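**Q** This is the content of data06.cif (mmCIF, C-alpha atoms):
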```cif
data_upload
#
loop_
_atom_site.label_atom_id
_atom_site.label_comp_id
_atom_site.auth_asym_id
_atom_site.auth_seq_id
_atom_site.Cartn_x
_atom_site.Cartn_y
_atom_site.Cartn_z
CA MET M 1 280.95 154.07 98.02
CA SER M 2 279.86 154.04 101.63
CA THR M 3 276.90 156.30 102.40
CA SER M 4 278.31 157.23 105.79
CA VAL M 5 281.62 159.09 105.84
CA LYS M 6 283.54 159.82 109.03
CA ARG M 7 285.38 163.11 109.49
CA LYS M 8 288.76 161.41 109.07
CA ASP M 9 287.55 160.20 105.67
CA LEU M 10 287.18 163.78 104.44
CA THR M 11 290.08 165.55 102.77
CA ASP M 12 290.70 169.21 102.06
CA ASN M 13 291.68 169.50 98.39
CA ASN M 14 292.35 173.24 98.56
CA HIS M 15 295.56 174.36 100.23
CA SER M 16 295.30 178.13 99.61
CA GLY M 17 293.45 178.76 102.86
CA GLU M 18 290.89 180.92 101.04
CA GLU M 19 288.33 178.24 100.41
CA LYS M 20 287.86 174.83 101.95
CA VAL M 21 286.34 172.22 99.68
CA ILE M 22 285.51 168.85 101.19
CA THR M 23 285.60 165.79 98.95
CA ARG M 24 284.45 162.28 99.72
CA ARG M 25 287.17 159.63 99.83
CA GLN M 26 286.36 156.59 97.73
CA THR M 27 287.94 153.59 99.45
CA ALA M 28 285.85 150.58 98.47
CA VAL M 29 282.92 149.64 96.23
CA TYR M 30 281.05 146.33 96.25
CA VAL M 31 281.34 145.09 92.67
CA TYR M 32 281.15 141.32 92.24
CA GLU M 33 278.20 139.58 93.84
CA ALA M 34 278.54 136.13 95.42
CA PRO M 35 277.13 134.17 92.41
CA VAL M 36 279.66 135.85 90.09
CA ARG M 37 282.58 135.03 92.40
CA LEU M 38 281.40 131.45 92.90
CA TRP M 39 281.05 130.98 89.13
CA HIS M 40 284.52 132.40 88.55
CA TRP M 41 286.33 130.00 90.90
CA VAL M 42 284.27 126.93 89.95
CA THR M 43 285.02 127.69 86.30
CA VAL M 44 288.74 128.12 87.05
CA PHE M 45 289.11 124.64 88.56
CA SER M 46 286.81 123.05 85.98
CA ILE M 47 288.80 124.49 83.06
CA ILE M 48 292.06 123.30 84.62
CA THR M 49 290.53 119.82 84.83
CA LEU M 50 289.26 120.04 81.26
CA CYS M 51 292.63 121.13 79.86
CA ILE M 52 294.61 118.42 81.65
CA THR M 53 292.20 115.60 80.84
CA GLY M 54 291.59 116.93 77.32
CA TYR M 55 295.31 116.88 76.62
CA PHE M 56 295.57 113.21 77.62
CA ILE M 57 292.45 112.29 75.67
CA GLY M 58 294.14 113.68 72.56
CA GLN M 59 297.58 112.32 73.52
CA PRO M 60 296.88 109.14 75.52
CA LEU M 61 299.38 107.79 78.02
CA PRO M 62 301.63 104.86 77.00
CA THR M 63 300.20 101.36 77.29
CA LEU M 64 299.91 100.20 80.89
CA PRO M 65 301.12 96.74 81.96
CA GLY M 66 298.69 93.95 82.80
CA GLU M 67 295.25 93.03 81.60
CA ALA M 68 293.14 95.74 80.02
CA SER M 69 290.31 94.93 82.42
CA ASP M 70 292.58 95.85 85.32
CA ASN M 71 293.33 99.34 84.00
CA PHE M 72 290.64 101.97 83.65
CA LEU M 73 292.89 105.03 83.72
CA MET M 74 291.67 106.52 80.43
CA GLY M 75 288.13 105.78 81.50
CA TYR M 76 288.64 107.85 84.65
CA ILE M 77 290.26 110.63 82.61
CA ARG M 78 287.32 110.72 80.22
CA PHE M 79 284.84 110.67 83.11
CA ALA M 80 286.61 113.62 84.77
CA HIS M 81 286.57 115.49 81.45
CA PHE M 82 282.86 114.89 80.89
CA ALA M 83 281.97 115.78 84.50
CA ALA M 84 283.95 119.02 84.34
CA ALA M 85 282.32 119.83 80.99
CA TYR M 86 278.84 119.51 82.51
CA ILE M 87 279.86 121.69 85.47
CA VAL M 88 281.29 124.39 83.17
CA THR M 89 278.20 124.33 80.94
CA ILE M 90 275.71 124.54 83.80
CA GLY M 91 277.80 127.28 85.38
CA PHE M 92 277.94 129.21 82.11
CA ILE M 93 274.17 129.04 81.73
CA GLY M 94 273.81 130.22 85.33
CA ARG M 95 276.22 133.06 84.64
CA LEU M 96 274.15 134.13 81.63
CA TYR M 97 271.08 134.19 83.86
CA TRP M 98 272.90 136.27 86.49
CA ALA M 99 273.99 138.73 83.82
CA LEU M 100 270.29 139.50 83.40
CA VAL M 101 269.26 139.63 87.07
CA GLY M 102 272.48 140.74 88.81
CA ASN M 103 273.98 144.20 89.14
CA HIS M 104 275.26 146.09 86.08
CA HIS M 105 278.83 144.87 86.64
CA SER M 106 277.68 141.30 86.01
CA ARG M 107 276.66 142.27 82.46
CA GLU M 108 279.95 143.86 81.40
CA LEU M 109 281.49 140.70 79.92
CA PHE M 110 278.45 139.83 77.82
CA PHE M 111 277.52 143.27 76.51
CA PRO M 112 280.62 145.34 75.65
CA LYS M 113 279.83 148.87 74.46
CA PHE M 114 280.94 148.32 70.86
CA PHE M 115 278.89 151.24 69.53
CA VAL M 116 280.10 153.86 72.01
CA LYS M 117 282.97 155.98 70.68
CA ALA M 118 284.19 156.97 74.14
CA TRP M 119 284.43 153.30 75.10
CA TRP M 120 286.87 152.61 72.25
CA LYS M 121 288.93 155.59 73.37
CA GLU M 122 289.20 153.96 76.78
CA VAL M 123 290.19 150.67 75.12
CA TRP M 124 293.03 152.48 73.34
CA HIS M 125 294.18 154.10 76.59
CA GLU M 126 294.26 150.72 78.34
CA MET M 127 296.21 149.18 75.47
CA ARG M 128 298.81 151.91 75.85
CA TRP M 129 298.88 151.35 79.61
CA TYR M 130 299.50 147.61 79.22
CA LEU M 131 302.27 148.37 76.70
CA PHE M 132 303.93 150.73 79.22
CA MET M 133 303.19 153.73 76.99
CA GLU M 134 300.98 155.48 79.57
CA LYS M 135 302.41 156.62 82.88
CA THR M 136 299.19 156.66 84.90
CA PRO M 137 296.32 154.15 84.67
CA LYS M 138 292.70 155.12 85.13
CA LYS M 139 290.36 153.99 87.88
CA TYR M 140 287.65 151.48 87.03
CA ILE M 141 285.04 150.07 89.37
CA GLY M 142 284.26 147.06 87.18
CA HIS M 143 286.26 145.61 84.28
CA ASN M 144 288.19 148.15 82.27
CA PRO M 145 287.12 148.41 78.58
CA LEU M 146 290.09 146.42 77.24
CA ALA M 147 289.38 143.65 79.75
CA GLN M 148 285.74 143.60 78.62
CA LEU M 149 286.83 143.30 75.01
CA GLY M 150 289.35 140.53 75.71
CA MET M 151 287.02 138.57 77.97
CA PHE M 152 284.22 138.72 75.41
CA PHE M 153 286.25 137.54 72.41
CA PHE M 154 288.61 135.15 74.18
CA PHE M 155 286.52 133.75 76.99
CA ILE M 156 282.80 134.19 76.27
CA LEU M 157 282.96 133.29 72.56
CA GLY M 158 285.68 130.72 73.26
CA MET M 159 283.58 128.97 75.89
CA ILE M 160 280.52 128.91 73.63
CA PHE M 161 282.64 127.32 70.88
CA MET M 162 284.08 124.72 73.27
CA ILE M 163 280.68 123.83 74.72
CA VAL M 164 279.08 123.43 71.29
CA THR M 165 281.91 121.36 69.77
CA GLY M 166 282.39 119.38 72.98
CA PHE M 167 278.79 118.25 73.21
CA ALA M 168 278.81 117.53 69.48
CA LEU M 169 281.62 115.02 70.09
CA TYR M 170 279.84 113.71 73.18
CA SER M 171 276.70 113.11 71.12
CA GLU M 172 278.53 110.39 69.17
CA GLY M 173 278.75 108.30 72.30
CA ALA M 174 275.29 109.28 73.55
CA GLY M 175 273.80 108.01 70.28
CA GLN M 176 271.23 109.20 67.80
CA GLY M 177 268.07 110.57 69.35
CA SER M 178 269.81 111.71 72.56
CA TRP M 179 269.37 115.32 73.62
CA GLN M 180 273.05 115.90 72.89
CA ASP M 181 272.53 114.63 69.33
CA THR M 182 269.35 116.66 68.92
CA LEU M 183 270.94 119.92 70.06
CA PHE M 184 274.51 119.51 68.80
CA GLY M 185 274.55 116.71 66.24
CA TRP M 186 274.42 119.21 63.37
CA VAL M 187 277.89 120.48 64.27
CA ILE M 188 279.80 117.44 62.96
CA PRO M 189 278.54 117.57 59.35
CA LEU M 190 278.97 121.36 59.45
CA PHE M 191 282.71 120.90 60.08
CA GLY M 192 282.97 117.97 57.69
CA GLN M 193 283.57 114.94 59.89
CA SER M 194 284.16 113.93 63.49
CA GLN M 195 287.95 114.21 63.30
CA ASP M 196 287.66 117.80 62.08
CA VAL M 197 285.59 118.67 65.14
CA HIS M 198 288.20 116.94 67.34
CA THR M 199 290.91 119.08 65.76
CA TRP M 200 289.04 122.35 66.19
CA HIS M 201 288.03 121.44 69.74
CA ARG M 202 291.67 120.81 70.61
CA LEU M 203 292.74 124.08 68.99
CA GLY M 204 290.06 125.76 71.08
CA MET M 205 291.71 124.31 74.19
CA TRP M 206 295.01 125.99 73.30
CA TYR M 207 293.12 129.18 72.50
CA LEU M 208 291.72 129.19 76.05
CA ILE M 209 295.10 128.26 77.56
CA THR M 210 296.62 131.28 75.80
CA PHE M 211 293.86 133.46 77.24
CA ILE M 212 294.41 132.01 80.74
CA MET M 213 298.14 132.82 80.66
CA ILE M 214 297.43 136.39 79.56
CA HIS M 215 294.64 136.72 82.11
CA VAL M 216 296.79 135.56 85.04
CA TYR M 217 299.66 137.84 84.01
CA VAL M 218 297.39 140.87 83.65
CA ALA M 219 295.61 140.16 86.95
CA ILE M 220 298.89 140.02 88.87
CA ARG M 221 300.27 143.06 87.04
CA GLU M 222 297.16 145.12 87.68
CA ASP M 223 297.04 144.11 91.34
CA ILE M 224 300.56 145.52 91.71
CA MET M 225 300.60 148.49 89.33
CA SER M 226 297.01 149.74 88.97
CA ARG M 227 295.10 152.08 91.26
CA GLN M 228 292.63 149.47 92.50
CA SER M 229 292.60 145.91 93.80
CA LEU M 230 291.96 143.03 91.42
CA ILE M 231 292.64 139.52 92.72
CA SER M 232 291.25 140.14 96.20
CA THR M 233 288.15 141.70 94.61
CA MET M 234 287.23 138.36 93.03
CA ILE M 235 287.45 136.82 96.51
CA SER M 236 285.66 139.40 98.64
CA GLY M 237 283.65 141.23 95.97
CA TRP M 238 284.96 144.63 97.12
CA ARG M 239 287.02 146.88 94.87
CA MET M 240 289.63 148.68 96.98
CA PHE M 241 291.19 151.92 95.72
CA LYS M 242 294.77 152.93 96.42
CA ASP M 243 294.45 156.71 96.09
CA ASP M 244 291.96 159.54 96.28
CA LYS M 245 292.93 161.20 93.01
CA PRO M 246 290.24 161.76 90.36
CA ASP M 247 289.49 158.92 87.97
#
```
Transcribe the structure of this file into structure tokens.
**A**
Amino acid sequence: MSTSVKRKDLTDNNHSGEEKVITRRQTAVYVYEAPVRLWHWVTVFSIITLCITGYFIGQPLPTLPGEASDNFLMGYIRFAHFAAAYIVTIGFIGRLYWALVGNHHSRELFFPKFFVKAWWKEVWHEMRWYLFMEKTPKKYIGHNPLAQLGMFFFFILGMIFMIVTGFALYSEGAGQGSWQDTLFGWVIPLFGQSQDVHTWHRLGMWYLITFIMIHVYVAIREDIMSRQSLISTMISGWRMFKDDKPD
């Protein structure tokens, strides 16, 4: 909320004429800092790359004509997949760091308030709102509680699973003694064998794709129907409010 408020930004919420009460109009709040917004969009394009290339790694294209030495298409696909994986992983580590040093909104996805009863009440209200069972949504400066819950279980835990299993598979090519093998080599025997890890890693891809479809739908829906901006906020960082009614 801006610290300076012009007279036109003040509203009289008492119409009886007996008492004039001035309230501050809340129009915009700076929520998402530049590192959070940069991480979000870099992750978006990296995950798109990972899903497309990952699909073709699991379901390779038909045999190409000519000599094998003249065709390196799958090699390029694998390179793009590995490069995007490194970008996502480095970005995720950076996002964890910013959750510790950034503003309190940057910590919402990593530390949901599981042990706060009122928080779960808000989750239930948001569930009813998304199911068209509530007429009026509530105002939220950061992520609403249901969004925090969904992002934590679908995205945060999902990304950790994909990073761990992905580098476990990568360690096979990097070889024994590599840092990938040292940090993630234990994953393959834990699952049973390499093919099992491949299967779970691919299922994880569809898990994230399901989350992405829900996330895009909810973002567009909230931008239209809620009482605050959503998509533009992840571009500018500012949360814009559509009304002056109480939260």
**Q** Could you tell me which residues the PyMOL selection byres ((chain M and resi 95-98) around 12) returns for this structure, as an MDAnalysis selection string?
**A** chainID M and resid 32:40 42:43 87:94 99:111 156 160
**Q** Kindly indicate which residue among M:Pro65, M:Asn144, M:Ile52, M:Pro60 lies nearest to Ala80 (chain M), using all atoms listed in the file for the distances.
**A** M:Ile52
**Q** Which centre and which edge lengths, in Å to one decimal, describe the axis-aligned box that holds all listed atoms of region 197-212 of chain M after 6 Å is added on each side, as JSON?
**A**
```
{"center_x": 291.1, "center_y": 125.2, "center_z": 72.9, "size_x": 23.0, "size_y": 28.5, "size_z": 27.6}
```
**Q** Applied to the shown file, which residues does the PyMOL selection byres ((chain M and resi 233) around 12) return, written as a list of chain:residue names?
**A**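 That selection, the PyMOL selection byres ((chain M and resi 233) around 12), comes back as M:Ala28, M:Val29, M:Tyr30, M:Val31, M:Tyr32, M:Glu33, M:Ala34, M:Val36, M:Arg37, M:His40, M:Ile141, M:Gly142, M:His143, M:Ala219, M:Glu222, M:Asp223, M:Gln228, M:Ser229, M:Leu230, M:Ile231, M:Ser232, M:Met234, M:Ile235, M:Ser236, M:Gly237, M:Trp238, M:Arg239, M:Met240, M:Phe241.
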**Q** Which of these residues is nearest to Phe114 (chain M), using only C-alpha atoms: M:Phe132, M:Phe45, M:Tyr76, M:Phe152?
**A** M:Phe152
**Q** Counting only C-alpha atoms, figure out which residue out of M:Gly192, M:Gly204, M:Phe155, M:Glu122 gets nearest to Tyr140 (chain M).
**A** M:Glu122
**Q** So that I can check the surroundings of Gln180 (chain M), please list as a list of chain:residue names every protein, DNA and RNA residue that reaches within 12 Å of it, counting all atoms listed in the file and ignoring chain neighbours fewer than 6 positions away.
**A** M:Tyr86, M:Ile163, M:Val164, M:Thr165, M:Gly166, M:Phe167, M:Ala168, M:Leu169, M:Tyr170, M:Ser171, M:Glu172, M:Gly173, M:Ala174, M:Trp186, M:Val187
**Q** Selected by the PyMOL selection byres ((chain M and resi 129) around 12) in the shown coordinates: which residues, as a VMD selection string?
**A** chain M and resid 122 to 128 130 to 138 144 146 218 221 to 222 225 to 226
**Q** Just to confirm, what's the straight-line distance from CA of Leu190 (chain M) to CA of Met162 (chain M) in Å (one decimal)?
**A**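 Spanning CA of Leu190 (chain M) to CA of Met162 (chain M) is a straight-line distance of 15.1 Å.
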**Q** Within 8 Å of Leu208 (chain M), counting only C-alpha atoms, which residues qualify if same-chain residues fewer than 3 places away don't, as number ranges by chain?
**A** M: 154-155, 158, 204-205, 211-212
**Q** Write out the residues from the selection above, keeping C-alpha atoms, as a PDB file, in the frame of the given file.
**A**
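Result saved to selection15.pdb:
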```pdb
ATOM      1  CA  PHE M 154     288.610 135.150  74.180  1.00  0.00           C
ATOM      2  CA  PHE M 155     286.520 133.750  76.990  1.00  0.00           C
ATOM      3  CA  GLY M 158     285.680 130.720  73.260  1.00  0.00           C
ATOM      4  CA  GLY M 204     290.060 125.760  71.080  1.00  0.00           C
ATOM      5  CA  MET M 205     291.710 124.310  74.190  1.00  0.00           C
ATOM      6  CA  PHE M 211     293.860 133.460  77.240  1.00  0.00           C
ATOM      7  CA  ILE M 212     294.410 132.010  80.740  1.00  0.00           C
TER       8      ILE M 212
END
```
**Q** Working from the structure I just supplied, which lacks atoms in region 219-247 of chain M, can you model N, CA and C atoms there and output them as a compact mmCIF listing (two decimals), in the frame of the given file?
**A**
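Listed below is the output, result-v7.txt:
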```
# COMPACT_ATOMS: atom_id res chain seq x y z
N ALA M 219 296.20 140.03 85.61
CA ALA M 219 295.61 140.16 86.95
C ALA M 219 296.67 140.47 87.99
N ILE M 220 297.80 139.77 87.93
CA ILE M 220 298.89 140.02 88.87
C ILE M 220 299.50 141.40 88.65
N ARG M 221 299.70 141.76 87.37
CA ARG M 221 300.27 143.06 87.04
C ARG M 221 299.38 144.19 87.52
N GLU M 222 298.08 144.07 87.28
CA GLU M 222 297.16 145.12 87.68
C GLU M 222 297.05 145.22 89.20
N ASP M 223 297.11 144.09 89.89
CA ASP M 223 297.04 144.11 91.34
C ASP M 223 298.23 144.88 91.93
N ILE M 224 299.36 144.84 91.24
CA ILE M 224 300.56 145.52 91.71
C ILE M 224 300.63 146.96 91.23
N MET M 225 300.31 147.20 89.96
CA MET M 225 300.60 148.49 89.33
C MET M 225 299.40 149.42 89.18
N SER M 226 298.18 148.88 89.21
CA SER M 226 297.01 149.74 88.97
C SER M 226 296.62 150.50 90.23
N ARG M 227 295.55 151.25 90.14
CA ARG M 227 295.10 152.08 91.26
C ARG M 227 293.97 151.44 92.05
N GLN M 228 293.68 150.17 91.76
CA GLN M 228 292.63 149.47 92.50
C GLN M 228 293.01 148.00 92.65
N SER M 229 292.34 147.34 93.57
CA SER M 229 292.60 145.91 93.80
C SER M 229 292.00 145.10 92.66
N LEU M 230 292.49 143.88 92.49
CA LEU M 230 291.96 143.03 91.42
C LEU M 230 291.72 141.61 91.93
N ILE M 231 292.78 140.92 92.31
CA ILE M 231 292.64 139.52 92.72
C ILE M 231 291.77 139.40 93.96
N SER M 232 292.03 140.22 94.97
CA SER M 232 291.25 140.14 96.20
C SER M 232 289.78 140.50 95.96
N THR M 233 289.53 141.31 94.92
CA THR M 233 288.15 141.70 94.61
C THR M 233 287.32 140.50 94.18
N MET M 234 287.95 139.55 93.47
CA MET M 234 287.23 138.36 93.03
C MET M 234 287.08 137.35 94.17
N ILE M 235 287.63 137.65 95.33
CA ILE M 235 287.45 136.82 96.51
C ILE M 235 286.41 137.43 97.44
N SER M 236 286.57 138.73 97.70
CA SER M 236 285.66 139.40 98.64
C SER M 236 284.49 140.10 97.95
N GLY M 237 284.68 140.48 96.69
CA GLY M 237 283.65 141.23 95.97
C GLY M 237 283.85 142.73 96.04
N TRP M 238 284.75 143.20 96.92
CA TRP M 238 284.96 144.63 97.12
C TRP M 238 286.15 145.13 96.32
N ARG M 239 285.93 146.21 95.59
CA ARG M 239 287.02 146.88 94.87
C ARG M 239 287.63 147.92 95.79
N MET M 240 288.92 147.76 96.11
CA MET M 240 289.63 148.68 96.98
C MET M 240 290.48 149.63 96.13
N PHE M 241 290.43 150.91 96.46
CA PHE M 241 291.19 151.92 95.72
C PHE M 241 292.40 152.35 96.51
N LYS M 242 293.49 152.64 95.79
CA LYS M 242 294.77 152.93 96.42
C LYS M 242 295.05 154.42 96.59
N ASP M 243 294.24 155.26 95.96
CA ASP M 243 294.45 156.71 96.09
C ASP M 243 293.12 157.43 96.01
N ASP M 244 293.17 158.71 96.30
CA ASP M 244 291.96 159.54 96.28
C ASP M 244 291.94 160.50 95.11
N LYS M 245 292.87 160.32 94.17
CA LYS M 245 292.93 161.20 93.01
C LYS M 245 291.74 160.96 92.10
N PRO M 246 291.38 161.93 91.28
CA PRO M 246 290.24 161.76 90.36
C PRO M 246 290.48 160.58 89.41
N ASP M 247 289.40 160.03 88.89
CA ASP M 247 289.49 158.92 87.97
C ASP M 247 290.25 159.31 86.71
```
